[in-house]
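Undergrad: This is the structure I want to talk about, given as structure tokens.
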Amino acid sequence: MENHSWVEAFAGSITVCDPEGIILEMNDKAIETFKEQGGKKLIGTNLLDCHPEPARTKLKRLMEAKKANVYTVEKNGKKKLIYQTPWYQDEQYGGFVELILEIPEKMPHFVRKG
């Protein structure tokens with residue numbers, strides 16, 4: 001996968017894996033977010049091993065079905081949006097991307113027409 005410099009400095013955590021769950025890339029925020037689990041050393045390992053049950057089985061099923069999973073969590077007083085979704089290259093399934101974005105406790109919501 002080609003690396004782009006903006007990805008490294010992106011404020012959200014980005015982790016990319018292949019179809020089997022092997023971590024291919026992590027940006028700086030992801031490395032920092034998962035430093036207690038190994039940080040950059042996680043690249044080349046299976047991300048399924050990073051998830052306890054029942055999350056592990058759920059993620060494995062999502063990866064096999066190539067379906068997105070989106071939810072919010074709160075940890076240490078910080079609310080986060082978790083967005084796990086398949087990625088493709090040349091129309092071939094490449095694996096999964098996990099984005100983790102910190103979100104404010106309250107934020108505006110707009111409904112746009114058309």
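All residue names refer to the structure tokens as shown: chains lettered A, B, ... in order, residues numbered from 1 in each chain, ligands numbered from 1 in order.
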What's around stretch 21-31 of chain A at 7 Å? Count only C-alpha atoms, leave out sequence neighbours fewer than 5 positions away in its own chain, and write the answer as a PDB file with N, CA and C atoms, in the first residue's frame.
TA:
```
ATOM      1  N   VAL A   7      -1.404  11.165   5.951  1.00  0.00           N
ATOM      2  CA  VAL A   7      -1.984  10.086   6.755  1.00  0.00           C
ATOM      3  C   VAL A   7      -1.250   9.973   8.089  1.00  0.00           C
ATOM      4  N   GLU A   8       0.055  10.129   8.076  1.00  0.00           N
ATOM      5  CA  GLU A   8       0.846   9.994   9.297  1.00  0.00           C
ATOM      6  C   GLU A   8       0.452  11.024  10.348  1.00  0.00           C
ATOM      7  N   ALA A   9       0.192  12.255   9.918  1.00  0.00           N
ATOM      8  CA  ALA A   9      -0.112  13.342  10.851  1.00  0.00           C
ATOM      9  C   ALA A   9      -1.606  13.526  11.083  1.00  0.00           C
ATOM     10  N   ALA A  11      -5.192  13.514  12.569  1.00  0.00           N
ATOM     11  CA  ALA A  11      -5.557  13.559  13.995  1.00  0.00           C
ATOM     12  C   ALA A  11      -6.259  12.301  14.483  1.00  0.00           C
ATOM     13  N   GLY A  12      -6.815  11.512  13.594  1.00  0.00           N
ATOM     14  CA  GLY A  12      -7.477  10.269  13.978  1.00  0.00           C
ATOM     15  C   GLY A  12      -6.564   9.071  13.793  1.00  0.00           C
ATOM     16  N   SER A  13      -6.877   8.019  14.499  1.00  0.00           N
ATOM     17  CA  SER A  13      -6.132   6.768  14.407  1.00  0.00           C
ATOM     18  C   SER A  13      -6.562   6.007  13.159  1.00  0.00           C
ATOM     19  N   ILE A  14      -5.579   5.567  12.351  1.00  0.00           N
ATOM     20  CA  ILE A  14      -5.861   4.771  11.159  1.00  0.00           C
ATOM     21  C   ILE A  14      -5.031   3.496  11.219  1.00  0.00           C
ATOM     22  N   THR A  15      -5.717   2.356  11.194  1.00  0.00           N
ATOM     23  CA  THR A  15      -5.056   1.055  11.163  1.00  0.00           C
ATOM     24  C   THR A  15      -5.603   0.294   9.964  1.00  0.00           C
ATOM     25  N   VAL A  16      -4.711  -0.288   9.173  1.00  0.00           N
ATOM     26  CA  VAL A  16      -5.094  -1.002   7.955  1.00  0.00           C
ATOM     27  C   VAL A  16      -4.594  -2.435   8.050  1.00  0.00           C
ATOM     28  N   GLY A  39       2.225  -0.738  20.063  1.00  0.00           N
ATOM     29  CA  GLY A  39       2.458   0.367  19.142  1.00  0.00           C
ATOM     30  C   GLY A  39       2.869  -0.108  17.758  1.00  0.00           C
ATOM     31  N   LYS A  40       3.961   0.438  17.256  1.00  0.00           N
ATOM     32  CA  LYS A  40       4.440   0.127  15.900  1.00  0.00           C
ATOM     33  C   LYS A  40       4.774  -1.360  15.726  1.00  0.00           C
ATOM     34  N   LEU A  42       3.026  -3.714  16.421  1.00  0.00           N
ATOM     35  CA  LEU A  42       1.819  -4.444  16.022  1.00  0.00           C
ATOM     36  C   LEU A  42       1.764  -4.666  14.510  1.00  0.00           C
ATOM     37  N   ILE A  43       2.481  -3.829  13.742  1.00  0.00           N
ATOM     38  CA  ILE A  43       2.506  -4.006  12.291  1.00  0.00           C
ATOM     39  C   ILE A  43       3.112  -5.375  11.992  1.00  0.00           C
ATOM     40  N   GLY A  44       2.390  -6.159  11.200  1.00  0.00           N
ATOM     41  CA  GLY A  44       2.827  -7.520  10.877  1.00  0.00           C
ATOM     42  C   GLY A  44       2.159  -8.578  11.740  1.00  0.00           C
ATOM     43  N   THR A  45       1.431  -8.148  12.787  1.00  0.00           N
ATOM     44  CA  THR A  45       0.710  -9.101  13.624  1.00  0.00           C
ATOM     45  C   THR A  45      -0.761  -9.113  13.229  1.00  0.00           C
ATOM     46  N   ASN A  46      -1.508 -10.063  13.759  1.00  0.00           N
ATOM     47  CA  ASN A  46      -2.920 -10.180  13.414  1.00  0.00           C
ATOM     48  C   ASN A  46      -3.756  -9.345  14.377  1.00  0.00           C
ATOM     49  N   LEU A  47      -4.544  -8.428  13.816  1.00  0.00           N
ATOM     50  CA  LEU A  47      -5.351  -7.555  14.663  1.00  0.00           C
ATOM     51  C   LEU A  47      -6.434  -8.308  15.420  1.00  0.00           C
ATOM     52  N   LEU A  48      -6.819  -9.483  14.937  1.00  0.00           N
ATOM     53  CA  LEU A  48      -7.807 -10.274  15.675  1.00  0.00           C
ATOM     54  C   LEU A  48      -7.259 -10.665  17.052  1.00  0.00           C
TER      55      LEU A  48
END
```
Undergrad: To one decimal place, how far is atom CA of A:Gly94 from atom CA of A:Glu36 in Å?
TA: 27.0 Å
Undergrad: Which parts of stretch 12-112 of chain A does DSSP call strand (DSSP E) when run on the backbone here, written out as JSON, numbers by chain?
TA: {"A": [13, 14, 15, 16, 17, 23, 24, 25, 26, 69, 70, 71, 72, 73, 74, 75, 78, 79, 80, 81, 82, 83, 84, 85, 86, 87, 88, 89, 92, 93, 94, 95, 96, 97, 98, 99, 100, 101, 102, 103]}
Undergrad: Restricted to C-alpha atoms, what would the selected residues look like written as an mmCIF file, in the first residue's frame?
TA:
```cif
data_model
loop_
_atom_site.group_PDB
_atom_site.id
_atom_site.type_symbol
_atom_site.label_atom_id
_atom_site.label_comp_id
_atom_site.auth_asym_id
_atom_site.auth_seq_id
_atom_site.Cartn_x
_atom_site.Cartn_y
_atom_site.Cartn_z
ATOM 1 C CA SER A 13 -6.132 6.768 14.407
ATOM 2 C CA ILE A 14 -5.861 4.771 11.159
ATOM 3 C CA THR A 15 -5.056 1.055 11.163
ATOM 4 C CA VAL A 16 -5.094 -1.002 7.955
ATOM 5 C CA CYS A 17 -5.070 -4.790 7.716
ATOM 6 C CA ILE A 23 -1.803 -5.228 10.212
ATOM 7 C CA LEU A 24 -0.188 -3.552 7.209
ATOM 8 C CA GLU A 25 -0.056 0.061 8.344
ATOM 9 C CA MET A 26 -0.681 2.294 11.321
ATOM 10 C CA ASN A 69 -19.163 -1.599 11.642
ATOM 11 C CA VAL A 70 -19.711 1.867 13.121
ATOM 12 C CA TYR A 71 -20.219 2.774 16.783
ATOM 13 C CA THR A 72 -19.159 5.151 19.542
ATOM 14 C CA VAL A 73 -17.368 4.398 22.804
ATOM 15 C CA GLU A 74 -16.338 6.393 25.837
ATOM 16 C CA LYS A 75 -13.083 5.669 27.636
ATOM 17 C CA LYS A 78 -13.139 10.746 25.901
ATOM 18 C CA LYS A 79 -15.870 9.885 23.421
ATOM 19 C CA LYS A 80 -14.748 8.249 20.177
ATOM 20 C CA LEU A 81 -16.268 7.216 16.875
ATOM 21 C CA ILE A 82 -15.052 3.811 15.704
ATOM 22 C CA TYR A 83 -15.434 3.150 11.969
ATOM 23 C CA GLN A 84 -14.324 -0.253 10.718
ATOM 24 C CA THR A 85 -14.832 -0.847 7.011
ATOM 25 C CA PRO A 86 -13.488 -2.908 4.126
ATOM 26 C CA TRP A 87 -11.044 -1.324 1.685
ATOM 27 C CA TYR A 88 -10.496 -2.198 -1.947
ATOM 28 C CA GLN A 89 -7.716 -1.752 -4.478
ATOM 29 C CA GLN A 92 -10.223 -6.360 -5.135
ATOM 30 C CA TYR A 93 -10.941 -6.716 -1.423
ATOM 31 C CA GLY A 94 -7.822 -5.608 0.411
ATOM 32 C CA GLY A 95 -8.851 -6.030 4.049
ATOM 33 C CA PHE A 96 -10.186 -3.665 6.691
ATOM 34 C CA VAL A 97 -9.504 -0.108 7.820
ATOM 35 C CA GLU A 98 -10.250 1.060 11.334
ATOM 36 C CA LEU A 99 -10.633 4.796 11.921
ATOM 37 C CA ILE A 100 -10.884 6.112 15.472
ATOM 38 C CA LEU A 101 -11.872 9.757 15.841
ATOM 39 C CA GLU A 102 -12.300 11.646 19.102
ATOM 40 C CA ILE A 103 -15.639 13.443 19.146
#
```
Undergrad: What lies within 12 Å of A:His51 using only C-alpha atoms, ignoring chain neighbours under 6 positions off, as a list in words?
TA: Gly21, Phe34, Gln37, Thr57, Lys58, Leu59 and Lys60 of chain A
Undergrad: Which residue gives the smallest distance to A:Gly77 among A:Glu105, A:Asp90, A:Glu64, A:Glu53, with only C-alpha atoms counted?
TA: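 Counting only C-alpha atoms, the residue closest to A:Gly77 is A:Glu105.
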